[in-house]
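So this block is protein_38.tsv, TSV, C-alpha atoms:
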```
chain	number	residue	atom	x	y	z
P	4	MET	CA	0.00	0.00	0.00
P	5	SER	CA	1.41	3.37	-0.91
P	6	ILE	CA	1.08	6.32	1.43
P	7	ASP	CA	0.39	9.75	0.09
P	8	THR	CA	3.18	12.28	0.25
P	9	THR	CA	3.27	15.23	2.64
P	10	ALA	CA	1.85	17.39	-0.14
P	11	ALA	CA	-1.53	15.90	0.72
P	12	VAL	CA	-1.60	18.02	3.87
P	13	PRO	CA	-3.37	21.26	2.84
P	14	VAL	CA	-0.83	23.95	1.97
P	15	GLY	CA	-0.55	26.94	4.24
P	16	THR	CA	0.25	28.01	7.75
P	17	TRP	CA	-2.40	26.78	10.15
P	18	ARG	CA	-2.75	28.17	13.65
P	19	LEU	CA	-4.56	26.81	16.67
P	20	ASP	CA	-8.07	27.77	17.64
P	21	PRO	CA	-7.60	27.18	21.39
P	22	ILE	CA	-11.30	27.35	22.23
P	23	HIS	CA	-12.16	24.41	20.00
P	24	SER	CA	-9.10	22.29	20.73
P	25	SER	CA	-7.93	20.08	23.57
P	26	ALA	CA	-4.78	18.37	24.85
P	27	SER	CA	-5.31	15.54	27.29
P	28	PHE	CA	-3.75	12.42	28.75
P	29	SER	CA	-4.98	9.21	30.33
P	30	VAL	CA	-3.28	6.54	32.40
P	31	LYS	CA	-4.43	3.36	34.13
P	32	HIS	CA	-4.94	4.01	37.84
P	33	MET	CA	-5.24	1.41	40.63
P	34	VAL	CA	-4.87	-1.22	37.89
P	35	VAL	CA	-8.55	-1.04	36.90
P	36	ALA	CA	-9.62	2.55	36.24
P	37	THR	CA	-8.53	5.14	33.69
P	38	PHE	CA	-7.47	8.50	35.08
P	39	ARG	CA	-7.71	11.52	32.78
P	40	GLY	CA	-6.28	15.01	32.87
P	41	ARG	CA	-5.79	17.88	30.46
P	42	PHE	CA	-3.77	21.02	29.78
P	43	ASP	CA	-5.82	24.12	29.05
P	44	GLU	CA	-3.01	26.32	27.65
P	45	PHE	CA	-1.15	25.08	24.62
P	46	ASP	CA	-0.26	26.22	21.13
P	47	VAL	CA	0.15	24.36	17.85
P	48	THR	CA	1.25	25.42	14.40
P	49	LEU	CA	1.03	23.37	11.22
P	50	VAL	CA	3.05	24.58	8.24
P	51	SER	CA	2.63	22.82	4.90
P	52	ASP	CA	4.40	23.81	1.71
P	53	GLU	CA	6.12	22.23	-1.26
P	54	SER	CA	8.87	20.86	1.00
P	55	GLY	CA	6.46	19.01	3.25
P	56	ALA	CA	4.45	19.51	6.43
P	57	ARG	CA	5.69	20.33	9.92
P	58	LEU	CA	3.68	20.25	13.12
P	59	SER	CA	4.99	21.88	16.29
P	60	GLY	CA	3.48	22.60	19.65
P	61	THR	CA	4.05	23.76	23.22
P	62	VAL	CA	2.05	22.98	26.33
P	63	GLU	CA	2.11	25.09	29.50
P	64	VAL	CA	2.53	22.65	32.39
P	65	ASP	CA	1.00	25.12	34.85
P	66	SER	CA	-2.31	24.84	32.96
P	67	LEU	CA	-2.70	21.22	34.11
P	68	VAL	CA	-6.26	20.41	35.12
P	69	VAL	CA	-7.25	17.35	37.17
P	70	LYS	CA	-10.25	16.88	39.43
P	71	ASP	CA	-8.40	17.07	42.75
P	72	GLU	CA	-6.32	20.09	43.82
P	73	LYS	CA	-4.05	17.94	46.02
P	74	LEU	CA	-3.24	15.80	43.01
P	75	ALA	CA	-2.78	18.88	40.82
P	76	GLY	CA	-0.18	20.20	43.27
P	77	HIS	CA	1.64	16.87	43.36
P	78	MET	CA	1.66	16.63	39.57
P	79	ARG	CA	3.31	20.07	39.31
P	80	SER	CA	5.99	19.00	41.81
P	81	PRO	CA	9.38	17.37	41.16
P	82	ASP	CA	7.78	13.90	41.58
P	83	PHE	CA	5.98	14.47	38.26
P	84	PHE	CA	6.32	17.40	35.79
P	85	ASP	CA	8.59	19.61	37.95
P	86	LEU	CA	6.90	22.83	36.85
P	87	GLU	CA	9.51	25.07	38.50
P	88	ARG	CA	12.31	23.69	36.33
P	89	HIS	CA	10.39	22.54	33.26
P	90	PRO	CA	7.40	24.83	32.65
P	91	GLN	CA	6.74	23.64	29.08
P	92	ILE	CA	6.22	20.43	27.16
P	93	THR	CA	7.27	20.74	23.52
P	94	PHE	CA	6.81	18.77	20.33
P	95	GLU	CA	8.49	19.10	16.93
P	96	SER	CA	7.54	16.80	14.07
P	97	THR	CA	10.17	15.05	12.01
P	98	ALA	CA	7.80	13.47	9.48
P	99	VAL	CA	4.14	14.10	8.62
P	100	ARG	CA	2.37	11.67	6.28
P	101	ARG	CA	-1.22	11.61	5.12
P	102	ASP	CA	-3.11	8.63	3.71
P	103	GLY	CA	-6.67	9.68	2.92
P	104	ASP	CA	-8.20	10.72	6.23
P	105	ASP	CA	-5.43	9.09	8.23
P	106	LEU	CA	-2.52	11.11	9.54
P	107	TYR	CA	0.82	9.80	10.80
P	108	VAL	CA	3.12	12.17	12.66
P	109	ASP	CA	6.60	11.25	13.89
P	110	GLY	CA	8.41	13.73	16.08
P	111	GLU	CA	10.46	14.61	19.12
P	112	LEU	CA	8.56	15.08	22.38
P	113	THR	CA	10.24	16.88	25.27
P	114	VAL	CA	8.82	16.45	28.76
P	115	LYS	CA	10.68	17.43	31.94
P	116	GLY	CA	13.79	18.12	29.89
P	117	ASN	CA	13.83	14.64	28.35
P	118	THR	CA	13.48	14.38	24.57
P	119	HIS	CA	12.41	11.14	22.89
P	120	PRO	CA	10.95	10.19	19.50
P	121	VAL	CA	7.24	9.44	19.40
P	122	GLN	CA	4.92	8.25	16.66
P	123	ALA	CA	1.38	9.56	16.68
P	124	LYS	CA	-1.52	8.33	14.59
P	125	GLY	CA	-4.90	9.89	13.91
P	126	THR	CA	-7.02	11.68	11.39
P	127	ILE	CA	-7.07	14.90	9.37
P	128	THR	CA	-9.97	16.60	7.62
P	129	ASP	CA	-9.94	18.61	4.46
P	130	PRO	CA	-10.37	22.36	4.98
P	131	VAL	CA	-13.81	23.86	5.26
P	132	VAL	CA	-14.82	27.49	5.23
P	133	GLY	CA	-16.13	28.40	8.66
P	134	LEU	CA	-17.77	31.46	10.11
P	135	GLY	CA	-16.01	34.66	9.10
P	136	ASP	CA	-14.76	33.05	5.88
P	137	SER	CA	-11.84	31.47	7.72
P	138	GLU	CA	-10.55	28.17	6.38
P	139	ARG	CA	-10.35	25.49	9.05
P	140	LEU	CA	-9.18	21.91	9.29
P	141	GLY	CA	-9.26	19.37	12.07
P	142	ILE	CA	-6.55	17.05	13.34
P	143	ASP	CA	-6.97	14.31	15.92
P	144	LEU	CA	-3.82	12.51	17.10
P	145	GLU	CA	-2.97	9.91	19.71
P	146	THR	CA	0.21	8.31	20.92
P	147	VAL	CA	1.28	6.18	23.85
P	148	VAL	CA	4.48	6.92	25.77
P	149	ASP	CA	6.36	5.30	28.63
P	150	ARG	CA	6.33	8.00	31.30
P	151	HIS	CA	9.57	6.70	32.84
P	152	LYS	CA	11.50	7.70	29.69
P	153	PHE	CA	10.52	11.28	30.45
P	154	GLY	CA	11.50	11.14	34.12
P	155	LEU	CA	7.98	10.83	35.52
P	156	ASP	CA	8.84	7.91	37.75
P	157	TRP	CA	6.57	8.32	40.76
P	158	ASN	CA	4.59	5.31	41.85
P	159	ALA	CA	3.33	3.69	45.03
P	160	PRO	CA	2.69	0.03	45.84
P	161	LEU	CA	-0.83	-1.23	46.39
P	162	PRO	CA	-1.42	-3.17	49.61
P	163	LYS	CA	-2.04	-6.47	47.84
P	164	GLY	CA	0.41	-6.10	44.97
P	165	GLY	CA	0.74	-3.96	41.88
P	166	THR	CA	1.26	-0.22	41.76
P	167	VAL	CA	-0.99	2.83	41.70
P	168	LEU	CA	-0.01	4.13	38.28
P	169	ALA	CA	0.65	2.35	35.00
P	170	ASP	CA	3.81	3.07	33.05
P	171	GLU	CA	2.10	3.76	29.72
P	172	VAL	CA	0.32	7.08	29.23
P	173	LYS	CA	-1.93	7.89	26.28
P	174	LEU	CA	-1.60	11.43	24.90
P	175	HIS	CA	-4.44	12.82	22.83
P	176	VAL	CA	-4.82	16.12	20.98
P	177	GLU	CA	-7.93	17.32	19.15
P	178	LEU	CA	-7.02	20.37	17.12
P	179	GLU	CA	-9.03	22.89	15.17
P	180	LEU	CA	-6.61	24.89	13.03
P	181	THR	CA	-7.31	28.12	11.16
P	182	LYS	CA	-5.46	29.18	8.02
P	183	ALA	CA	-3.30	32.23	8.71
L	26	MET	CA	23.93	28.24	51.69
L	27	ARG	CA	21.66	27.42	54.60
L	28	ILE	CA	20.27	23.95	55.34
L	29	LEU	CA	17.63	23.47	58.01
L	30	GLY	CA	18.36	20.38	60.10
L	31	ILE	CA	15.25	18.69	61.51
L	32	ALA	CA	15.59	15.89	64.06
L	33	GLY	CA	12.37	13.89	64.23
L	34	SER	CA	12.89	12.72	67.78
L	35	LEU	CA	11.94	15.27	70.42
L	36	ARG	CA	13.61	13.72	73.44
L	37	ARG	CA	16.56	15.47	75.05
L	38	ASP	CA	19.18	12.78	74.36
L	39	SER	CA	17.95	11.97	70.86
L	40	HIS	CA	20.29	9.75	68.83
L	41	ASN	CA	18.90	11.31	65.70
L	42	ARG	CA	19.82	14.79	66.90
L	43	ARG	CA	23.37	13.52	67.41
L	44	LEU	CA	23.31	12.08	63.90
L	45	LEU	CA	22.20	15.49	62.64
L	46	ARG	CA	25.20	17.08	64.36
L	47	ALA	CA	27.51	14.45	62.87
L	48	ALA	CA	26.10	15.36	59.45
L	49	ALA	CA	26.80	19.05	60.10
L	50	ARG	CA	30.49	18.24	60.50
L	51	LEU	CA	30.59	16.66	57.01
L	52	LEU	CA	29.16	19.65	55.15
L	53	PRO	CA	31.39	21.95	53.07
L	54	PRO	CA	32.54	25.12	54.89
L	55	ASP	CA	30.28	27.40	52.86
L	56	VAL	CA	27.18	25.47	53.95
L	57	GLU	CA	25.55	26.35	57.24
L	58	LEU	CA	23.37	23.77	58.96
L	59	VAL	CA	20.81	25.42	61.23
L	60	GLU	CA	19.38	23.02	63.80
L	61	LEU	CA	15.64	23.38	64.31
L	62	ASP	CA	14.65	23.73	67.96
L	63	PRO	CA	12.63	20.58	68.84
L	64	GLN	CA	10.03	22.88	70.41
L	65	ALA	CA	9.21	24.09	66.89
L	66	ILE	CA	7.77	20.65	66.15
L	67	LYS	CA	6.52	19.89	69.65
L	68	SER	CA	4.46	23.09	69.83
L	69	LEU	CA	2.54	22.52	66.58
L	70	PRO	CA	-1.15	21.74	67.06
L	71	HIS	CA	-2.57	18.64	65.43
L	72	PHE	CA	-3.12	19.35	61.75
L	73	ASP	CA	-6.75	20.21	61.06
L	74	GLU	CA	-7.96	21.31	57.63
L	75	ASP	CA	-10.51	23.55	59.37
L	76	ASP	CA	-7.59	25.54	60.82
L	77	GLU	CA	-5.63	25.88	57.59
L	78	ASP	CA	-6.45	29.55	57.15
L	79	LEU	CA	-5.84	30.55	60.78
L	80	GLU	CA	-2.66	32.40	61.69
L	81	ILE	CA	-1.18	30.07	64.26
L	82	PRO	CA	2.21	31.40	65.50
L	83	ALA	CA	3.84	27.97	65.85
L	84	VAL	CA	2.72	26.99	62.34
L	85	GLU	CA	3.91	30.30	60.84
L	86	ALA	CA	7.29	29.94	62.59
L	87	TRP	CA	7.74	26.40	61.26
L	88	ARG	CA	6.83	27.42	57.71
L	89	ASP	CA	9.12	30.47	57.94
L	90	ALA	CA	12.01	28.28	59.09
L	91	LEU	CA	11.60	26.20	55.92
L	92	ARG	CA	11.17	29.25	53.66
L	93	GLU	CA	14.34	30.86	55.05
L	94	ALA	CA	16.35	27.74	54.22
L	95	ASP	CA	17.79	26.69	50.87
L	96	GLY	CA	17.18	23.05	51.72
L	97	ALA	CA	16.37	20.72	54.61
L	98	LEU	CA	17.86	17.59	56.14
L	99	PHE	CA	15.38	15.39	57.99
L	100	VAL	CA	16.74	12.86	60.49
L	101	THR	CA	14.03	10.47	61.57
L	102	PRO	CA	13.71	7.73	64.13
L	103	GLU	CA	11.15	5.00	63.57
L	104	TYR	CA	8.18	4.46	65.85
L	105	ASN	CA	6.09	1.34	65.23
L	106	GLY	CA	7.50	0.98	61.75
L	107	SER	CA	6.95	4.53	60.50
L	108	VAL	CA	7.57	8.27	60.91
L	109	PRO	CA	6.96	9.74	64.39
L	110	GLY	CA	3.51	11.32	64.47
L	111	SER	CA	4.89	14.69	65.51
L	112	LEU	CA	7.20	14.83	62.47
L	113	LYS	CA	4.48	13.73	60.06
L	114	ASN	CA	2.23	16.40	61.58
L	115	ALA	CA	4.91	19.00	60.84
L	116	VAL	CA	5.13	17.81	57.21
L	117	ASP	CA	1.35	18.05	56.90
L	118	TRP	CA	1.35	21.69	58.09
L	119	ALA	CA	4.17	22.53	55.67
L	120	SER	CA	2.27	20.98	52.76
L	121	ARG	CA	-0.46	23.66	52.96
L	122	PRO	CA	-1.82	25.97	51.70
L	123	PHE	CA	-1.87	24.36	48.27
L	124	SER	CA	-1.34	27.75	46.64
L	125	ASP	CA	2.14	28.11	48.16
L	126	PRO	CA	3.23	25.35	50.53
L	127	ALA	CA	6.57	25.87	52.29
L	128	LEU	CA	7.86	22.50	51.13
L	129	ARG	CA	7.09	22.97	47.44
L	130	ASN	CA	10.28	22.57	45.38
L	131	LEU	CA	12.47	22.70	48.49
L	132	PRO	CA	15.44	20.32	48.13
L	133	VAL	CA	15.33	17.84	51.02
L	134	ALA	CA	17.16	14.70	52.09
L	135	VAL	CA	16.15	12.07	54.65
L	136	ILE	CA	18.40	10.00	56.87
L	137	GLY	CA	17.60	8.12	60.07
L	138	ALA	CA	18.80	5.98	62.89
L	139	SER	CA	17.47	3.43	65.34
L	140	THR	CA	18.83	1.31	68.14
L	141	GLY	CA	17.53	-1.77	66.33
L	142	MET	CA	18.87	-3.64	63.31
L	143	PHE	CA	17.14	-1.73	60.51
L	144	GLY	CA	18.12	1.90	61.05
L	145	ALA	CA	14.66	3.43	60.60
L	146	VAL	CA	14.59	2.39	56.96
L	147	TRP	CA	10.76	2.15	56.82
L	148	ALA	CA	10.35	5.56	58.42
L	149	GLN	CA	12.75	7.05	55.89
L	150	GLY	CA	10.79	5.56	52.99
L	151	ASP	CA	7.49	6.82	54.39
L	152	LEU	CA	8.94	10.28	55.04
L	153	ARG	CA	10.43	10.55	51.54
L	154	ARG	CA	7.05	9.64	50.05
L	155	ALA	CA	5.21	12.19	52.23
L	156	LEU	CA	7.72	14.93	51.39
L	157	GLY	CA	7.40	14.15	47.68
L	158	LEU	CA	3.61	14.33	47.86
L	159	ALA	CA	3.99	17.65	49.67
L	160	GLY	CA	5.92	18.92	46.63
L	161	ALA	CA	9.50	18.80	47.91
L	162	ARG	CA	12.50	18.01	45.71
L	163	VAL	CA	13.53	14.79	47.47
L	164	VAL	CA	17.02	13.28	47.21
L	165	ASP	CA	16.33	9.66	46.26
L	166	ARG	CA	18.74	8.03	48.72
L	167	GLU	CA	18.49	6.67	52.23
L	168	LEU	CA	20.88	6.20	55.14
L	169	PRO	CA	19.76	3.64	57.68
L	170	VAL	CA	22.00	3.80	60.75
L	171	PRO	CA	21.27	0.65	62.79
L	172	GLU	CA	22.31	0.16	66.42
L	173	VAL	CA	22.99	3.85	66.61
L	174	HIS	CA	23.83	3.73	70.31
L	175	GLU	CA	26.89	1.66	69.30
L	176	THR	CA	27.69	3.46	66.05
L	177	LEU	CA	27.49	7.08	67.05
L	178	HIS	CA	29.91	8.32	69.67
L	179	PRO	CA	28.54	11.26	71.72
L	180	GLU	CA	31.59	13.42	70.98
L	181	HIS	CA	33.47	11.84	68.11
L	182	GLY	CA	30.57	11.28	65.78
L	183	LEU	CA	30.18	8.32	63.46
L	184	GLY	CA	32.47	5.41	64.12
L	185	ASP	CA	31.67	3.59	60.90
L	186	GLU	CA	33.55	4.66	57.78
L	187	ASP	CA	31.01	3.14	55.38
L	188	ILE	CA	28.11	4.98	57.00
L	189	GLU	CA	30.10	8.22	57.11
L	190	ARG	CA	30.95	7.91	53.41
L	191	GLU	CA	27.30	7.26	52.53
L	192	LEU	CA	26.18	10.21	54.64
L	193	ALA	CA	28.73	12.48	52.95
L	194	GLY	CA	27.37	11.31	49.58
L	195	ILE	CA	23.77	12.12	50.52
L	196	LEU	CA	24.79	15.55	51.80
L	197	ALA	CA	26.70	16.18	48.55
L	198	ASP	CA	23.56	15.26	46.57
L	199	LEU	CA	21.48	17.64	48.71
L	200	VAL	CA	23.95	20.49	48.22
L	201	GLU	CA	24.03	19.78	44.47
L	202	ALA	CA	20.21	19.82	44.33
L	203	ILE	CA	20.21	23.22	46.05
L	204	ARG	CA	22.87	24.59	43.68
L	205	ALA	CA	21.01	23.24	40.63
L	206	ARG	CA	17.79	24.88	41.83
L	207	ARG	CA	19.54	28.19	42.38
L	208	ALA	CA	21.16	28.03	38.94
L	209	ALA	CA	17.83	27.28	37.26
L	210	ARG	CA	16.14	30.23	38.99
L	211	VAL	CA	18.76	32.83	38.02
```
Written as structure tokens, how would this file's structure read?
Amino acid sequence: MSIDTTAAVPVGTWRLDPIHSSASFSVKHMVVATFRGRFDEFDVTLVSDESGARLSGTVEVDSLVVKDEKLAGHMRSPDFFDLERHPQITFESTAVRRDGDDLYVDGELTVKGNTHPVQAKGTITDPVVGLGDSERLGIDLETVVDRHKFGLDWNAPLPKGGTVLADEVKLHVELELTKA
Amino acid sequence: MRILGIAGSLRRDSHNRRLLRAAARLLPPDVELVELDPQAIKSLPHFDEDDEDLEIPAVEAWRDALREADGALFVTPEYNGSVPGSLKNAVDWASRPFSDPALRNLPVAVIGASTGMFGAVWAQGDLRRALGLAGARVVDRELPVPEVHETLHPEHGLGDEDIERELAGILADLVEAIRARRAARV
């Protein structure tokens, strides 16, 4: 099966509509449940031209939102994201490929000062003309990372075996991008 | 550089207080270890979330002592397999308010001693976990000093070269964590 070239990503510079976008994560908690959180402040830019497409983004760690303020404080601390020393999470793509509605993005993710390659998979829409005549497209991407590679090592044993937090964390972005 | 030394045992002839003083002798000359008066911990009321917003002098003094320090060295005994209640109570007060807790991002290290065979190793693990949950920057090492009444001479300090070397290593890690934090904030 052949995969379309990067030219299939609509040409232009596409900027984030933060109101209609989200950046979230989920991780298995207490072995059985799925715990979810999100970051409310982040920025993404997609640039597509004759040389290919590039997707880049930054996330403000301080904008972390979880349901419990005690947990939110712990997750900003050195045990987890270490906000004081590493206030941003960043992503830079190294390859963007489109195959119909499917989108494959390889890139370098930096969390807590640790940079590792990740491969994300998802979907992309063709542009539509929205309100105010602005051209918009949608991207939905997911990847799974091992949090220990990024220095998020905290865990605690459960009384009868196992640990509180799983090692694998799913990252999910839903992006509405407007043509600049 | 100023490190606050906190002995978790309140009794007058505390082995852990002597271990704290032995640690002070191993610090570089430009590092000052300030020993917390045991009354600072003894005079804290029991932590009560209903009292979080009250201005309680003993609580304010304890939080100020942490805020005035560049880092903290906790020396804990072990009571019934864990951290003394009075010390855990002090950690709980310093973990609030959530908006700006005194322990948040503070570099800390934990060592401990007991007259038994295990050197307060469980208490140290529990205390490191509690300090991490409170937001501190915890040195991920432990120093169990077993049979401390045999190991620690009242005047000459540690009589065990291996323990002394390990203690010096933990103190070096704590000093490095403080320097790294300072460098990152400049």
Counting only C-alpha atoms, collect the residues of chain P whose closest atom lies at most 6 Å from chain L, and write them out as an NGL selection string. :P and (77 or 80-81)
At what distance in Å, to one decimal, does CA of Glu87 (chain P) lie from CA of Arg207 (chain L)?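 Going from CA of Arg207 (chain L) over to CA of Glu87 (chain P) covers 11.2 Å.
One finds CA of Val56 (chain L) at 13.2 Å from CA of Ala202 (chain L).
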Nearest residue to Asp46 (chain P) out of P:Val114, P:Val68, P:Ala159, P:Ile22, using all atoms listed in the file? P:Ile22
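Between CA of Arg41 (chain P) and CA of Arg18 (chain P) the separation is 19.9 Å.
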Have a look at P:Glu179, P:Glu111, P:Asp52, P:Asp82 and name the one nearest to Asn158 (chain P); count all atoms listed in the file. P:Asp82
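For the set P:Gly103, P:Gly154, P:Pro162, P:Pro13, the residue with the smallest atom-to-atom gap to Gly55 (chain P) is P:Pro13, counting only C-alpha atoms.
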Could you give me, as a ChimeraX atom specification, the residues within 6 Å of region 144-150 of chain L, counting all atoms listed in the file and dropping anything in the same chain fewer than 2 positions from it? /L:102-103,107-108,137-139,152-153,169-171
All residues 8 Å or closer to Arg166 (chain L), all atoms listed in the file, same chain fewer than 3 positions away omitted, as an MDAnalysis selection string: chainID L and resid 134:135 195
For Val132 (chain P): contacts at 10 Å, only C-alpha atoms, fewer than 6 positions along chain excluded, given as a CSV table (one decimal) with C-alpha atoms, keeping the file's coordinate frame:
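New file around07.csv:
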```csv
chain,number,residue,atom,x,y,z
P,138,GLU,CA,-10.6,28.2,6.4
P,139,ARG,CA,-10.4,25.5,9.0
P,140,LEU,CA,-9.2,21.9,9.3
P,181,THR,CA,-7.3,28.1,11.2
P,182,LYS,CA,-5.5,29.2,8.0
```
Could you model all heavy atoms for region 133-141 of chain L and present them as a CSV table (one decimal), in the frame of the given file?
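Final output, saved to selection.csv:
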```
chain,number,residue,atom,x,y,z
L,133,VAL,N,15.3,18.5,49.7
L,133,VAL,CA,15.3,17.8,51.0
L,133,VAL,C,16.0,16.5,50.9
L,133,VAL,O,16.0,15.8,49.9
L,133,VAL,CB,13.9,17.7,51.6
L,133,VAL,CG1,13.2,19.0,51.8
L,133,VAL,CG2,13.1,16.7,50.8
L,134,ALA,N,16.6,16.1,52.0
L,134,ALA,CA,17.2,14.7,52.1
L,134,ALA,C,16.7,14.1,53.4
L,134,ALA,O,16.4,14.8,54.4
L,134,ALA,CB,18.7,14.7,52.0
L,135,VAL,N,16.6,12.8,53.5
L,135,VAL,CA,16.2,12.1,54.6
L,135,VAL,C,17.2,11.0,55.0
L,135,VAL,O,17.6,10.2,54.2
L,135,VAL,CB,14.8,11.4,54.4
L,135,VAL,CG1,14.4,10.6,55.6
L,135,VAL,CG2,13.7,12.4,54.0
L,136,ILE,N,17.6,11.1,56.3
L,136,ILE,CA,18.4,10.0,56.9
L,136,ILE,C,17.7,9.6,58.2
L,136,ILE,O,16.8,10.2,58.6
L,136,ILE,CB,19.9,10.4,57.1
L,136,ILE,CG1,19.9,11.6,58.1
L,136,ILE,CG2,20.5,10.8,55.8
L,136,ILE,CD1,21.3,12.1,58.4
L,137,GLY,N,18.2,8.5,58.8
L,137,GLY,CA,17.6,8.1,60.1
L,137,GLY,C,18.4,7.1,60.8
L,137,GLY,O,19.3,6.4,60.2
L,138,ALA,N,18.1,6.9,62.0
L,138,ALA,CA,18.8,6.0,62.9
L,138,ALA,C,17.9,5.3,63.9
L,138,ALA,O,16.8,5.9,64.3
L,138,ALA,CB,19.9,6.7,63.7
L,139,SER,N,18.2,4.1,64.3
L,139,SER,CA,17.5,3.4,65.3
L,139,SER,C,18.4,2.6,66.1
L,139,SER,O,19.6,2.3,65.7
L,139,SER,CB,16.4,2.5,64.7
L,139,SER,OG,17.0,1.4,64.2
L,140,THR,N,18.0,2.2,67.3
L,140,THR,CA,18.8,1.3,68.1
L,140,THR,C,18.7,-0.1,67.7
L,140,THR,O,19.4,-1.0,68.2
L,140,THR,CB,18.4,1.5,69.6
L,140,THR,OG1,17.0,1.2,69.8
L,140,THR,CG2,18.8,2.8,70.2
L,141,GLY,N,17.8,-0.4,66.8
L,141,GLY,CA,17.5,-1.8,66.3
L,141,GLY,C,18.4,-2.1,65.1
L,141,GLY,O,19.3,-1.3,64.8
```
